[in-house]
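This report refers to the structure that appears directly beneath it.
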Amino acid sequence: MTLLRSPLFTVLAALAAAFAVYWTGLHGGWLLDDATNLDIFPRWLKGEAVWQEVVGYHAEGFVGRPVAMASFMLSAALGGYSPFSFKLGNLILHALNGVLVYLLYRRVSRVAGLTASPWPAVILMAVWLLHPLFVSTTLYAVQRMTILATGFVLLALMAYLAGRQALQEGHTIKGRGLLFVALPLLVLLGTLCKQNAAITPLLCGIIEIAFLRSRLPSGRRDALAFYALFIALPMLLACGLYLAKPESFVISYSEYDFTMAQRLLSQPRVLMDYLGQLLIPRGPRMGIFTDDYPFSTSLMAPPTTLLSIIALAAISAFAIAVRKTAPLVFAGWFFFLAAHAIEASFLPLDLYFEHRNYLPAIGLFPAVAGLFQWALARIPSHGQLARTAPLLAGLVVLLLAGATWARASVWRDTEVMMAQAAPRHPHSRFLQMTLAQLAMNRQPPDVEAARGYLHLLAQSPNPSNRASSYINLAAIDCLQQRPLDPSVVTGLASQDKVTPGPGTVTSVNNLAKLVMSRGCNGITSRTFADGLVKWLNKDAHSESVRAKSRLRVTAYSLYLHAGDLTSAWDQLDIAWKNGRQEPGTAFARLDLMVRSGKAEQAKQFAMELAQEADMRRGRNQDILQAYMELLERGSNPSHNQAR
């Protein structure tokens, strides 16, 4: 009986419960961008890619996410390239994070003098570990990046607390080592999983203000130096970078249907939506197909924009007002906001994703507990209520575990999960196009079902979604050898409001491949290319927009297939000189030089490419090397041969 009542036993029971409720969902399939982020692993397992190529795969920004990719390598090595092995790795890491959450809560409680009892930490850890909102983090393979980054953030926060405690006790070398060496190293490892781990110093500052400033006066000068170095200086550098090159932040918005101002207006609504789902989970409203989340266009469009801003301001004012009497409320609430600071900011990102709450919720749940404690203390006869609190907490944990199990059971079958989401997200491009693809993959293909999903997307208020649906409907007609309506493709030229985003690129490329490989009754490579070019020329966005640049390469391929080398060269010239100089564009340009009989120019261009960092690693290096060898032999390489 003593063992059953011990906190350690309860922690282990919560971990076992997490494995029990999640286990059924481990058998689900790949989702959304799993394939594009993880498709290198089959080649690596066959010996066709080296480990350096794997850890640097899809590197973006300054350094990419090599630590996360290395962890995927471990999953692939132990369990092969299967959704189960990758999702099991996620679950193991989620459980380890649960342990770190418990240890962080305990350390904060001891350092801040909140309570000597371990039970609040046990309950809060169980609530976080078993919350159903995190099914879409744990069972979505590529979100390993979020899980790992959070683990390093938790370790960094504990390093900060240990460092401040050491400084208070006079252990200066140890304290400074933890603050200025160990903590930055952990943050660096976290950012090499996902960049939002960089927010850790701000989280440390919130804990300092809420709990440590008055209790640990020694070492305050070191703490100020820490904040100057890791908060003030990076913010100044970020502001300087923005002022120096504002276009580098704004240009990516060209690939979205909303502006920076509209994104900033939308985020208060998003945060309030997150808050509602964390406090009162509603399973049917949860999911990953949230690309149809409506953005705000003004304070009153929709009216919940202004209401959300007022609500967030009111909660923040209350948290500040009770900072001394309810420090948990202050710390937890501002931890929640700060942890959202990067992904809810001006950066060009999708509006809404559930996994963005994985770290912020670690602060929100203690804030709720602190609010309950603060309110309870103001009830005259609160003794009886206080005695029922553990029972209520246990009931909440059981309800959350049940909801998580139910949601994980749905995630076991990808098609069932999508079918359940379809009624609530009729205008989600990700969802409807995936359902259409699944319908076409059946034997025999369920053409009518696929067309039905695309017709739903055609009713979307988003013009880019409508354009994608029309193009994919044309692709189905082509596959079924039905006559195509030329206006479906050439009508692109009349589209004023369609942003050339990633979805449009995928749809256009799929139809272009069909036109070139099998031909489509009613449309030719030339007419397709002409309509595409007219639309791109009409679009006001810069040629450096990634999607627009890639569509120029698609137009090149279509003209090349039609035998018009002059028009093909014109499109590549625009994509290379005015657009993004990506490897795919470079290889296409190199190929066209050879086809045009410009062998010497091709050799010179190949040597120039060999100096580029992107060309000196992985598959790009292999392709370029193949081109250079063929050029040296005087052969006539083609893009396909080099690949």
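Within each chain, counting starts at residue 1; across the structure tokens, chains are named A, B, ... in the order shown, with ligands numbered 1 upward in that order.
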
(request) Skip region 411-416 of chain A itself and residues of its chain fewer than 2 positions away, then list as a list of chain:residue names all residues within 7 Å of it, counting only C-alpha atoms. (result) A:Thr24, A:Gly25, A:Leu26, A:His27, A:Gly28, A:Gly29, A:Arg407, A:Ala408, A:Ser409, A:Met418, A:Ala419, A:Gln420

What's the 10 Å shell around region 422-427 of chain A, counting only C-alpha atoms, without same-chain residues fewer than 2 positions away, as a PDB file with N, CA, C and O atoms, in the first residue's frame?
```
ATOM      1  N   PRO A 284     -13.741  16.225 -31.679  1.00  0.00           N
ATOM      2  CA  PRO A 284     -14.107  16.409 -33.092  1.00  0.00           C
ATOM      3  C   PRO A 284     -13.503  17.651 -33.734  1.00  0.00           C
ATOM      4  O   PRO A 284     -13.347  17.708 -34.947  1.00  0.00           O
ATOM      5  N   ARG A 285     -13.159  18.668 -32.931  1.00  0.00           N
ATOM      6  CA  ARG A 285     -12.602  19.904 -33.489  1.00  0.00           C
ATOM      7  C   ARG A 285     -11.084  19.854 -33.613  1.00  0.00           C
ATOM      8  O   ARG A 285     -10.476  20.751 -34.172  1.00  0.00           O
ATOM      9  N   MET A 286     -10.481  18.781 -33.081  1.00  0.00           N
ATOM     10  CA  MET A 286      -9.028  18.666 -33.146  1.00  0.00           C
ATOM     11  C   MET A 286      -8.604  18.052 -34.473  1.00  0.00           C
ATOM     12  O   MET A 286      -9.373  17.353 -35.126  1.00  0.00           O
ATOM     13  N   GLY A 287      -7.367  18.300 -34.858  1.00  0.00           N
ATOM     14  CA  GLY A 287      -6.863  17.692 -36.079  1.00  0.00           C
ATOM     15  C   GLY A 287      -5.716  18.470 -36.671  1.00  0.00           C
ATOM     16  O   GLY A 287      -5.313  19.529 -36.174  1.00  0.00           O
ATOM     17  N   PHE A 289      -5.662  19.157 -40.112  1.00  0.00           N
ATOM     18  CA  PHE A 289      -6.074  19.780 -41.379  1.00  0.00           C
ATOM     19  C   PHE A 289      -6.664  21.164 -41.099  1.00  0.00           C
ATOM     20  O   PHE A 289      -7.858  21.403 -41.235  1.00  0.00           O
ATOM     21  N   THR A 290      -5.791  22.061 -40.681  1.00  0.00           N
ATOM     22  CA  THR A 290      -6.235  23.385 -40.244  1.00  0.00           C
ATOM     23  C   THR A 290      -5.793  24.489 -41.198  1.00  0.00           C
ATOM     24  O   THR A 290      -5.779  25.662 -40.828  1.00  0.00           O
ATOM     25  N   ASP A 291      -5.423  24.102 -42.422  1.00  0.00           N
ATOM     26  CA  ASP A 291      -5.000  25.115 -43.379  1.00  0.00           C
ATOM     27  C   ASP A 291      -6.170  25.987 -43.838  1.00  0.00           C
ATOM     28  O   ASP A 291      -5.961  26.994 -44.524  1.00  0.00           O
ATOM     29  N   ASP A 292      -7.401  25.600 -43.452  1.00  0.00           N
ATOM     30  CA  ASP A 292      -8.571  26.413 -43.807  1.00  0.00           C
ATOM     31  C   ASP A 292      -8.953  27.386 -42.698  1.00  0.00           C
ATOM     32  O   ASP A 292     -10.032  27.993 -42.745  1.00  0.00           O
ATOM     33  N   TYR A 293      -8.087  27.546 -41.701  1.00  0.00           N
ATOM     34  CA  TYR A 293      -8.396  28.465 -40.597  1.00  0.00           C
ATOM     35  C   TYR A 293      -8.579  29.879 -41.153  1.00  0.00           C
ATOM     36  O   TYR A 293      -7.678  30.410 -41.826  1.00  0.00           O
ATOM     37  N   VAL A 416      -9.928   6.811 -42.061  1.00  0.00           N
ATOM     38  CA  VAL A 416     -10.993   7.069 -41.088  1.00  0.00           C
ATOM     39  C   VAL A 416     -10.792   8.433 -40.442  1.00  0.00           C
ATOM     40  O   VAL A 416     -11.741   9.206 -40.266  1.00  0.00           O
ATOM     41  N   MET A 417      -9.539   8.735 -40.093  1.00  0.00           N
ATOM     42  CA  MET A 417      -9.226  10.028 -39.483  1.00  0.00           C
ATOM     43  C   MET A 417      -9.614  11.172 -40.417  1.00  0.00           C
ATOM     44  O   MET A 417     -10.217  12.164 -40.009  1.00  0.00           O
ATOM     45  N   MET A 418      -9.276  11.009 -41.694  1.00  0.00           N
ATOM     46  CA  MET A 418      -9.595  12.054 -42.661  1.00  0.00           C
ATOM     47  C   MET A 418     -11.095  12.167 -42.906  1.00  0.00           C
ATOM     48  O   MET A 418     -11.627  13.276 -43.026  1.00  0.00           O
ATOM     49  N   ALA A 419     -11.764  11.021 -42.981  1.00  0.00           N
ATOM     50  CA  ALA A 419     -13.211  11.046 -43.200  1.00  0.00           C
ATOM     51  C   ALA A 419     -13.917  11.736 -42.044  1.00  0.00           C
ATOM     52  O   ALA A 419     -14.905  12.455 -42.238  1.00  0.00           O
ATOM     53  N   GLN A 420     -13.399  11.530 -40.826  1.00  0.00           N
ATOM     54  CA  GLN A 420     -13.992  12.179 -39.651  1.00  0.00           C
ATOM     55  C   GLN A 420     -13.770  13.694 -39.706  1.00  0.00           C
ATOM     56  O   GLN A 420     -14.618  14.474 -39.271  1.00  0.00           O
ATOM     57  N   ARG A 429      -7.348  22.359 -48.213  1.00  0.00           N
ATOM     58  CA  ARG A 429      -6.697  21.826 -49.407  1.00  0.00           C
ATOM     59  C   ARG A 429      -5.952  20.539 -49.093  1.00  0.00           C
ATOM     60  O   ARG A 429      -6.020  19.563 -49.848  1.00  0.00           O
ATOM     61  N   PHE A 430      -5.226  20.515 -47.966  1.00  0.00           N
ATOM     62  CA  PHE A 430      -4.505  19.311 -47.577  1.00  0.00           C
ATOM     63  C   PHE A 430      -5.441  18.103 -47.492  1.00  0.00           C
ATOM     64  O   PHE A 430      -5.155  17.030 -48.019  1.00  0.00           O
ATOM     65  N   LEU A 431      -6.574  18.300 -46.830  1.00  0.00           N
ATOM     66  CA  LEU A 431      -7.491  17.194 -46.576  1.00  0.00           C
ATOM     67  C   LEU A 431      -8.178  16.725 -47.851  1.00  0.00           C
ATOM     68  O   LEU A 431      -8.166  15.527 -48.185  1.00  0.00           O
ATOM     69  N   GLN A 432      -8.810  17.637 -48.569  1.00  0.00           N
ATOM     70  CA  GLN A 432      -9.603  17.234 -49.733  1.00  0.00           C
ATOM     71  C   GLN A 432      -8.733  16.660 -50.849  1.00  0.00           C
ATOM     72  O   GLN A 432      -9.123  15.681 -51.502  1.00  0.00           O
ATOM     73  N   LEU A 435      -7.654  13.130 -49.714  1.00  0.00           N
ATOM     74  CA  LEU A 435      -8.768  12.191 -49.875  1.00  0.00           C
ATOM     75  C   LEU A 435      -8.984  11.845 -51.345  1.00  0.00           C
ATOM     76  O   LEU A 435      -9.253  10.680 -51.693  1.00  0.00           O
ATOM     77  N   TYR A 453     -14.613  15.133 -53.713  1.00  0.00           N
ATOM     78  CA  TYR A 453     -13.740  15.867 -52.792  1.00  0.00           C
ATOM     79  C   TYR A 453     -13.226  17.155 -53.434  1.00  0.00           C
ATOM     80  O   TYR A 453     -13.169  18.209 -52.794  1.00  0.00           O
ATOM     81  N   LEU A 454     -12.855  17.074 -54.698  1.00  0.00           N
ATOM     82  CA  LEU A 454     -12.326  18.255 -55.376  1.00  0.00           C
ATOM     83  C   LEU A 454     -13.409  19.296 -55.629  1.00  0.00           C
ATOM     84  O   LEU A 454     -13.135  20.503 -55.609  1.00  0.00           O
ATOM     85  N   HIS A 455     -14.645  18.853 -55.851  1.00  0.00           N
ATOM     86  CA  HIS A 455     -15.748  19.805 -56.015  1.00  0.00           C
ATOM     87  C   HIS A 455     -16.019  20.551 -54.702  1.00  0.00           C
ATOM     88  O   HIS A 455     -16.385  21.738 -54.719  1.00  0.00           O
ATOM     89  N   LEU A 456     -15.833  19.870 -53.575  1.00  0.00           N
ATOM     90  CA  LEU A 456     -15.950  20.555 -52.282  1.00  0.00           C
ATOM     91  C   LEU A 456     -14.902  21.663 -52.183  1.00  0.00           C
ATOM     92  O   LEU A 456     -15.186  22.777 -51.735  1.00  0.00           O
ATOM     93  N   LEU A 457     -13.676  21.337 -52.596  1.00  0.00           N
ATOM     94  CA  LEU A 457     -12.595  22.316 -52.545  1.00  0.00           C
ATOM     95  C   LEU A 457     -12.856  23.471 -53.503  1.00  0.00           C
ATOM     96  O   LEU A 457     -12.454  24.616 -53.246  1.00  0.00           O
ATOM     97  N   ALA A 458     -13.567  23.189 -54.604  1.00  0.00           N
ATOM     98  CA  ALA A 458     -13.879  24.233 -55.588  1.00  0.00           C
ATOM     99  C   ALA A 458     -14.826  25.288 -55.030  1.00  0.00           C
ATOM    100  O   ALA A 458     -14.950  26.377 -55.587  1.00  0.00           O
ATOM    101  N   GLN A 459     -15.491  24.983 -53.907  1.00  0.00           N
ATOM    102  CA  GLN A 459     -16.402  25.932 -53.279  1.00  0.00           C
ATOM    103  C   GLN A 459     -15.714  26.764 -52.197  1.00  0.00           C
ATOM    104  O   GLN A 459     -16.348  27.561 -51.511  1.00  0.00           O
ATOM    105  N   SER A 460     -14.418  26.566 -52.045  1.00  0.00           N
ATOM    106  CA  SER A 460     -13.659  27.288 -51.022  1.00  0.00           C
ATOM    107  C   SER A 460     -13.654  28.779 -51.312  1.00  0.00           C
ATOM    108  O   SER A 460     -13.574  29.201 -52.472  1.00  0.00           O
ATOM    109  N   PRO A 461     -13.697  29.619 -50.280  1.00  0.00           N
ATOM    110  CA  PRO A 461     -13.562  31.073 -50.492  1.00  0.00           C
ATOM    111  C   PRO A 461     -12.148  31.465 -50.897  1.00  0.00           C
ATOM    112  O   PRO A 461     -11.915  32.593 -51.320  1.00  0.00           O
ATOM    113  N   ASN A 462     -11.210  30.531 -50.758  1.00  0.00           N
ATOM    114  CA  ASN A 462      -9.814  30.797 -51.087  1.00  0.00           C
ATOM    115  C   ASN A 462      -9.584  30.561 -52.584  1.00  0.00           C
ATOM    116  O   ASN A 462      -9.733  29.442 -53.076  1.00  0.00           O
ATOM    117  N   ASN A 465      -7.206  27.703 -53.520  1.00  0.00           N
ATOM    118  CA  ASN A 465      -7.804  26.375 -53.375  1.00  0.00           C
ATOM    119  C   ASN A 465      -8.683  26.046 -54.568  1.00  0.00           C
ATOM    120  O   ASN A 465      -8.688  24.913 -55.068  1.00  0.00           O
ATOM    121  N   ARG A 466      -9.445  27.034 -55.030  1.00  0.00           N
ATOM    122  CA  ARG A 466     -10.319  26.793 -56.179  1.00  0.00           C
ATOM    123  C   ARG A 466      -9.495  26.456 -57.421  1.00  0.00           C
ATOM    124  O   ARG A 466      -9.823  25.536 -58.172  1.00  0.00           O
TER     125      ARG A 466
END
```

(request) Quick one: pick out all helix (DSSP H, G or I) residues within region 349-521 of chain A from a backbone DSSP run and write them as a ChimeraX atom specification. (result) /A:354-357,361-376,383-411,414-424,429-441,447-458,463-479,486-494,502-517

(message) I want to know what sits within 7 Å of region 170-184 of chain A, based on only C-alpha atoms, with residues of the same chain fewer than 3 positions away left out; could you give that as a list in words?
(response) Ala156, Ala159, Tyr160, Gly163, Arg164, Ala166, Leu167, Val187 and Leu188 of chain A

File dump, residues just selected, all heavy atoms, as a compact mmCIF listing (two decimals), in the first residue's frame:
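Output below, filename selection25.txt:
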```txt
# COMPACT_ATOMS: atom_id res chain seq x y z
N ALA A 156 17.23 22.85 -20.33
CA ALA A 156 17.84 24.18 -20.19
C ALA A 156 17.21 24.95 -19.04
O ALA A 156 17.91 25.65 -18.29
CB ALA A 156 17.69 24.95 -21.50
N ALA A 159 18.64 23.69 -15.94
CA ALA A 159 20.01 24.18 -15.79
C ALA A 159 20.00 25.62 -15.26
O ALA A 159 20.85 25.98 -14.42
CB ALA A 159 20.73 24.12 -17.14
N TYR A 160 19.05 26.42 -15.71
CA TYR A 160 18.95 27.79 -15.21
C TYR A 160 18.63 27.81 -13.72
O TYR A 160 19.28 28.55 -12.95
CB TYR A 160 17.87 28.55 -15.98
CG TYR A 160 17.73 29.99 -15.53
CD1 TYR A 160 18.60 30.96 -15.98
CD2 TYR A 160 16.74 30.36 -14.62
CE1 TYR A 160 18.50 32.28 -15.56
CE2 TYR A 160 16.62 31.68 -14.19
CZ TYR A 160 17.51 32.63 -14.66
OH TYR A 160 17.41 33.92 -14.22
N GLY A 163 21.61 26.70 -11.82
CA GLY A 163 22.64 27.73 -11.84
C GLY A 163 22.34 28.87 -10.88
O GLY A 163 23.24 29.34 -10.17
N ARG A 164 21.10 29.30 -10.85
CA ARG A 164 20.73 30.38 -9.93
C ARG A 164 20.86 29.92 -8.48
O ARG A 164 21.28 30.68 -7.60
CB ARG A 164 19.30 30.84 -10.22
CG ARG A 164 19.15 31.63 -11.49
CD ARG A 164 19.79 33.02 -11.39
NE ARG A 164 18.97 33.94 -10.63
CZ ARG A 164 19.27 34.45 -9.44
NH1 ARG A 164 20.40 34.12 -8.85
NH2 ARG A 164 18.46 35.30 -8.85
N ALA A 166 22.94 27.65 -7.40
CA ALA A 166 24.38 27.57 -7.11
C ALA A 166 24.96 28.95 -6.82
O ALA A 166 25.78 29.11 -5.91
CB ALA A 166 25.10 26.93 -8.30
N LEU A 167 24.55 29.96 -7.57
CA LEU A 167 25.02 31.33 -7.32
C LEU A 167 24.58 31.83 -5.95
O LEU A 167 25.33 32.50 -5.25
CB LEU A 167 24.51 32.27 -8.42
CG LEU A 167 25.11 32.08 -9.81
CD1 LEU A 167 24.37 32.93 -10.83
CD2 LEU A 167 26.61 32.44 -9.82
N VAL A 187 20.27 24.96 -25.43
CA VAL A 187 19.42 25.75 -26.34
C VAL A 187 19.85 25.53 -27.79
O VAL A 187 19.02 25.39 -28.69
CB VAL A 187 19.45 27.24 -25.98
CG1 VAL A 187 18.71 28.07 -27.02
CG2 VAL A 187 18.83 27.46 -24.60
N LEU A 188 21.16 25.49 -28.01
CA LEU A 188 21.67 25.25 -29.36
C LEU A 188 21.19 23.89 -29.87
O LEU A 188 20.72 23.77 -31.02
CB LEU A 188 23.19 25.31 -29.37
CG LEU A 188 23.87 24.94 -30.70
CD1 LEU A 188 23.45 25.91 -31.80
CD2 LEU A 188 25.39 24.91 -30.54
```

(request) Work out how far CA of Leu590 (chain A) is from CA of Gly519 (chain A), in Å to one decimal. (result)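 Between CA of Gly519 (chain A) and CA of Leu590 (chain A) the gap is 26.5 Å.
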